[in-house]
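Engineer: The following block contains the structure, expressed as structure tokens.
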Amino acid sequence: VIGGVGDTDRERIDSCIGDVMEASQANINTPLLAPIKVRVGYYRYFFVFLASLGFFNVYALRVCLSVAIQPMQEEYGWSSEEEGYILSSFFAGYILTQVPGGWLASKFGGKWVLGISVVGTAVLTLVTPISAKSIYSLMTVRILEGVGEGMSFPAMHALMAKWAPPAERSRMGTLVYGGAYLGTIVAFPVSGLLASSDFLGGWPSVFYVFGVVGCIWFIVWAMLAASTPSEDRFISAIERDYIVSSLPPPERLIVPWKKILTNIPMWAIIANHTATNFGFYTLLTWLPTYLSKILHFDVKNAGFIAVLPYLTLWILYCAGGIIADILIEKRVLDLTTVRKLFQCTALILSAACITIVGFITSVPLAVFVMTMAVGTIGFSGAGYGVNHLDIGPRYAGILMGITNTAATIPGIVTPSLAGIILKDQSDIQEWREVFYLSAGIMVLGAIVWAIFASGKKQFV
């Protein structure tokens, strides 16, 4: 409460804020920011909480069809090929709005871009049961959902550029985006329960429930969130000044496109965002089939085991961000080294687990290794995941839009590419080839990251 601060405390606060400004302008890579000893408040973490709930909805709205599509297929008689078109149509829209979403959020503020992204998808989710009567109308709805959700991650990065002090980027970023994995953990079992119930007609209730939840979140977000601390009605003056003073001063947005597209650390992020997603989508799409076809494990009735990999991913994702910031604040490692350490750890450990799982015949051990293969990817949240904010905080939303555009391609390519290799899903050697390919790409990504990644600001 600012009214209770004395002159001595005010001088101390002003001195600390001045130190933050000086450190941020000189680049936080060397020397690193020391922890601020003055109580500045924690309202920014309430903002993180609201945003995390938003990404809970982003992924819940995205994955609920993956569960509901089984009873829908039985009702409408879709072929496996038609089912594949329906599921992949989301990415056709998703890839289109990454860069535009980042530009809009950077230009006009991320609050409404993120809010419209989520509520638009929620409304489309509510009409999904009606659109399902025609495969073409359903695919159109899914494409439009992808168009809406494509703006979410770039918009959030633009918001993080305004809300996250440099010394807190890792923890704030992973806590926000960790909500997406928590949404997956909740959506899968809840969708299964709703789809198998008589509530609101069974499978349609999946879309009604998650659609309504998304709309409720938007109302709360619209009332309480702000694009910047300066625009927020509830944050204290001390905390607002601490955040604003630690960041570059706002200027007219002129995007240095040529410099961005020719920058080596930027391409390191593109390569690693893509490599990480390639491994993740391989695990997401094919490991359940592997457990079923090779190890004869009933994944559909696995209960808690089915969400265990994503629970592990969420825990390591959030924990990695907290640990990374502690290493930075305590000056144990510099920023570049922290980013390289966490990203390389994520890719190398996950690649090792993917390679090993093809030689395991024990179901419990295979489930454990699969869980670690997915879970260790969580360390990438403190690697490439927030590196956009390090190298170009002013353009973070646009940078995320660029890298996420490239990283969406594995979501489109991985299912069909693995399907080409897996001519016989009962052939263990063909499965190993799929795992080798994914592991190889992840290791290559780690090598590129270790050589070319940087925590230094590249774009002023």
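Following the order of the structure tokens, chains are lettered A, B, ..., residues in each are numbered from 1, and ligands are numbered from 1.
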Any idea what's packed within 9 Å of Phe207 (chain A), counting only C-alpha atoms, ignoring anything in its chain fewer than 2 positions away? Could you give it as a PDB file with N, CA and C atoms, in the first residue's frame?

Structural biologist:
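Result file out_16.pdb:
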ATOM      1  N   LEU A  61     -10.674 -27.102 -25.321  1.00  0.00           N
ATOM      2  CA  LEU A  61     -11.523 -26.928 -26.500  1.00  0.00           C
ATOM      3  C   LEU A  61     -10.924 -27.640 -27.712  1.00  0.00           C
ATOM      4  N   CYS A  64     -11.140 -31.945 -26.985  1.00  0.00           N
ATOM      5  CA  CYS A  64     -12.372 -32.657 -26.621  1.00  0.00           C
ATOM      6  C   CYS A  64     -12.932 -33.463 -27.796  1.00  0.00           C
ATOM      7  N   LEU A  65     -12.708 -32.993 -29.033  1.00  0.00           N
ATOM      8  CA  LEU A  65     -13.169 -33.750 -30.195  1.00  0.00           C
ATOM      9  C   LEU A  65     -12.444 -35.093 -30.320  1.00  0.00           C
ATOM     10  N   ALA A  68     -14.619 -37.334 -28.234  1.00  0.00           N
ATOM     11  CA  ALA A  68     -16.017 -37.413 -28.683  1.00  0.00           C
ATOM     12  C   ALA A  68     -16.154 -38.002 -30.077  1.00  0.00           C
ATOM     13  N   ALA A 122     -14.789 -21.125 -28.326  1.00  0.00           N
ATOM     14  CA  ALA A 122     -15.818 -21.660 -27.428  1.00  0.00           C
ATOM     15  C   ALA A 122     -17.189 -21.647 -28.094  1.00  0.00           C
ATOM     16  N   THR A 125     -17.344 -24.263 -30.659  1.00  0.00           N
ATOM     17  CA  THR A 125     -17.467 -25.565 -29.999  1.00  0.00           C
ATOM     18  C   THR A 125     -18.918 -25.857 -29.635  1.00  0.00           C
ATOM     19  N   LEU A 126     -19.645 -24.828 -29.211  1.00  0.00           N
ATOM     20  CA  LEU A 126     -21.060 -24.992 -28.848  1.00  0.00           C
ATOM     21  C   LEU A 126     -21.910 -25.410 -30.038  1.00  0.00           C
ATOM     22  N   VAL A 127     -21.542 -24.983 -31.248  1.00  0.00           N
ATOM     23  CA  VAL A 127     -22.338 -25.336 -32.431  1.00  0.00           C
ATOM     24  C   VAL A 127     -21.833 -26.601 -33.120  1.00  0.00           C
ATOM     25  N   THR A 128     -20.775 -27.210 -32.575  1.00  0.00           N
ATOM     26  CA  THR A 128     -20.220 -28.418 -33.183  1.00  0.00           C
ATOM     27  C   THR A 128     -21.248 -29.545 -33.315  1.00  0.00           C
ATOM     28  N   PRO A 129     -22.071 -29.853 -32.296  1.00  0.00           N
ATOM     29  CA  PRO A 129     -23.062 -30.930 -32.458  1.00  0.00           C
ATOM     30  C   PRO A 129     -24.019 -30.707 -33.630  1.00  0.00           C
ATOM     31  N   SER A 191     -14.167 -35.575 -20.816  1.00  0.00           N
ATOM     32  CA  SER A 191     -14.833 -35.795 -22.096  1.00  0.00           C
ATOM     33  C   SER A 191     -15.306 -37.232 -22.220  1.00  0.00           C
ATOM     34  N   TRP A 203     -22.500 -37.586 -26.241  1.00  0.00           N
ATOM     35  CA  TRP A 203     -21.318 -36.898 -26.788  1.00  0.00           C
ATOM     36  C   TRP A 203     -21.535 -35.404 -27.049  1.00  0.00           C
ATOM     37  N   PRO A 204     -22.758 -34.923 -27.407  1.00  0.00           N
ATOM     38  CA  PRO A 204     -22.900 -33.461 -27.561  1.00  0.00           C
ATOM     39  C   PRO A 204     -22.572 -32.678 -26.287  1.00  0.00           C
ATOM     40  N   SER A 205     -22.757 -33.318 -25.129  1.00  0.00           N
ATOM     41  CA  SER A 205     -22.495 -32.612 -23.867  1.00  0.00           C
ATOM     42  C   SER A 205     -21.028 -32.231 -23.721  1.00  0.00           C
ATOM     43  N   VAL A 209     -20.433 -28.442 -22.541  1.00  0.00           N
ATOM     44  CA  VAL A 209     -19.796 -28.142 -21.255  1.00  0.00           C
ATOM     45  C   VAL A 209     -18.537 -27.303 -21.445  1.00  0.00           C
ATOM     46  N   PHE A 210     -17.641 -27.745 -22.328  1.00  0.00           N
ATOM     47  CA  PHE A 210     -16.385 -27.015 -22.496  1.00  0.00           C
ATOM     48  C   PHE A 210     -16.612 -25.683 -23.219  1.00  0.00           C
ATOM     49  N   GLY A 211     -17.619 -25.617 -24.086  1.00  0.00           N
ATOM     50  CA  GLY A 211     -17.957 -24.352 -24.730  1.00  0.00           C
ATOM     51  C   GLY A 211     -18.436 -23.317 -23.733  1.00  0.00           C
ATOM     52  N   VAL A 212     -19.297 -23.732 -22.799  1.00  0.00           N
ATOM     53  CA  VAL A 212     -19.801 -22.820 -21.772  1.00  0.00           C
ATOM     54  C   VAL A 212     -18.669 -22.370 -20.845  1.00  0.00           C
TER      55      VAL A 212
END

Engineer: Per DSSP on the backbone, filter region 8-182 of chain A down to the residues in alpha helix (DSSP H) and report them as an MDAnalysis selection string.

Structural biologist: chainID A and resid 8:25 43:76 80:94 98:108 110:126 128:131 135:149 152:163 169:182

Engineer: Hey, what's within 10 Å of Leu261 (chain A) if we count only C-alpha atoms and toss same-chain stuff fewer than 4 positions away? As an NGL selection string, please?

Structural biologist: :A and (256-257 or 266-267 or 399 or 402)

Engineer: Generate the output file for the selected residues, all heavy atoms, as a PDB file, in the first residue's frame.

Structural biologist:
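Heads up, here's the output in out_38.pdb:
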ATOM      1  N   PRO A 256      11.232  -5.154 -37.737  1.00  0.00           N
ATOM      2  CA  PRO A 256      12.412  -5.345 -38.597  1.00  0.00           C
ATOM      3  C   PRO A 256      12.400  -6.743 -39.238  1.00  0.00           C
ATOM      4  O   PRO A 256      13.183  -7.625 -38.874  1.00  0.00           O
ATOM      5  CB  PRO A 256      13.572  -5.182 -37.614  1.00  0.00           C
ATOM      6  CG  PRO A 256      13.024  -5.676 -36.308  1.00  0.00           C
ATOM      7  CD  PRO A 256      11.569  -5.311 -36.303  1.00  0.00           C
ATOM      8  N   TRP A 257      11.504  -6.936 -40.195  1.00  0.00           N
ATOM      9  CA  TRP A 257      11.274  -8.264 -40.765  1.00  0.00           C
ATOM     10  C   TRP A 257      12.558  -8.899 -41.303  1.00  0.00           C
ATOM     11  O   TRP A 257      12.823 -10.084 -41.063  1.00  0.00           O
ATOM     12  CB  TRP A 257      10.225  -8.186 -41.875  1.00  0.00           C
ATOM     13  CG  TRP A 257       8.858  -7.843 -41.398  1.00  0.00           C
ATOM     14  CD1 TRP A 257       8.203  -6.649 -41.532  1.00  0.00           C
ATOM     15  CD2 TRP A 257       7.957  -8.708 -40.676  1.00  0.00           C
ATOM     16  NE1 TRP A 257       6.962  -6.708 -40.955  1.00  0.00           N
ATOM     17  CE2 TRP A 257       6.778  -7.961 -40.421  1.00  0.00           C
ATOM     18  CE3 TRP A 257       8.028 -10.023 -40.230  1.00  0.00           C
ATOM     19  CZ2 TRP A 257       5.689  -8.485 -39.746  1.00  0.00           C
ATOM     20  CZ3 TRP A 257       6.946 -10.561 -39.559  1.00  0.00           C
ATOM     21  CH2 TRP A 257       5.795  -9.800 -39.316  1.00  0.00           C
ATOM     22  N   MET A 266      17.244 -16.578 -33.885  1.00  0.00           N
ATOM     23  CA  MET A 266      15.828 -16.734 -34.227  1.00  0.00           C
ATOM     24  C   MET A 266      15.597 -18.052 -34.947  1.00  0.00           C
ATOM     25  O   MET A 266      14.631 -18.777 -34.673  1.00  0.00           O
ATOM     26  CB  MET A 266      15.377 -15.552 -35.093  1.00  0.00           C
ATOM     27  CG  MET A 266      13.943 -15.650 -35.588  1.00  0.00           C
ATOM     28  SD  MET A 266      12.751 -15.636 -34.222  1.00  0.00           S
ATOM     29  CE  MET A 266      11.226 -15.862 -35.142  1.00  0.00           C
ATOM     30  N   TRP A 267      16.465 -18.390 -35.866  1.00  0.00           N
ATOM     31  CA  TRP A 267      16.334 -19.668 -36.580  1.00  0.00           C
ATOM     32  C   TRP A 267      16.587 -20.847 -35.650  1.00  0.00           C
ATOM     33  O   TRP A 267      16.042 -21.938 -35.857  1.00  0.00           O
ATOM     34  CB  TRP A 267      17.286 -19.694 -37.777  1.00  0.00           C
ATOM     35  CG  TRP A 267      16.691 -18.985 -38.956  1.00  0.00           C
ATOM     36  CD1 TRP A 267      16.944 -17.715 -39.380  1.00  0.00           C
ATOM     37  CD2 TRP A 267      15.691 -19.500 -39.841  1.00  0.00           C
ATOM     38  NE1 TRP A 267      16.173 -17.396 -40.472  1.00  0.00           N
ATOM     39  CE2 TRP A 267      15.403 -18.474 -40.783  1.00  0.00           C
ATOM     40  CE3 TRP A 267      15.021 -20.718 -39.936  1.00  0.00           C
ATOM     41  CZ2 TRP A 267      14.453 -18.645 -41.804  1.00  0.00           C
ATOM     42  CZ3 TRP A 267      14.088 -20.884 -40.947  1.00  0.00           C
ATOM     43  CH2 TRP A 267      13.809 -19.859 -41.862  1.00  0.00           C
ATOM     44  N   LEU A 399       7.360 -12.905 -33.064  1.00  0.00           N
ATOM     45  CA  LEU A 399       8.358 -13.985 -33.098  1.00  0.00           C
ATOM     46  C   LEU A 399       7.706 -15.329 -32.792  1.00  0.00           C
ATOM     47  O   LEU A 399       7.995 -16.337 -33.455  1.00  0.00           O
ATOM     48  CB  LEU A 399       9.476 -13.699 -32.098  1.00  0.00           C
ATOM     49  CG  LEU A 399      10.270 -12.396 -32.270  1.00  0.00           C
ATOM     50  CD1 LEU A 399      11.404 -12.328 -31.263  1.00  0.00           C
ATOM     51  CD2 LEU A 399      10.801 -12.264 -33.685  1.00  0.00           C
ATOM     52  N   ILE A 402       5.798 -16.529 -35.812  1.00  0.00           N
ATOM     53  CA  ILE A 402       6.665 -17.103 -36.853  1.00  0.00           C
ATOM     54  C   ILE A 402       7.085 -18.519 -36.493  1.00  0.00           C
ATOM     55  O   ILE A 402       6.981 -19.452 -37.297  1.00  0.00           O
ATOM     56  CB  ILE A 402       7.897 -16.206 -37.069  1.00  0.00           C
ATOM     57  CG1 ILE A 402       7.477 -14.849 -37.658  1.00  0.00           C
ATOM     58  CG2 ILE A 402       8.912 -16.893 -37.983  1.00  0.00           C
ATOM     59  CD1 ILE A 402       8.591 -13.824 -37.697  1.00  0.00           C
TER      60      ILE A 402
END

Engineer: Which residue out of A:Leu114, A:Ile260, A:Ala92, A:Ala225 has the minimum interatomic distance to Phe49 (chain A) when only C-alpha atoms are used?

Structural biologist: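 Closest to Phe49 (chain A), using only C-alpha atoms: A:Ala225.
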
Engineer: For Ile143 (chain A), which residue out of A:Lys111, A:Arg240, A:Lys423, A:Arg62 is the nearest one, using only C-alpha atoms?

Structural biologist: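 That would be A:Arg62, the residue with the smallest distance to Ile143 (chain A).
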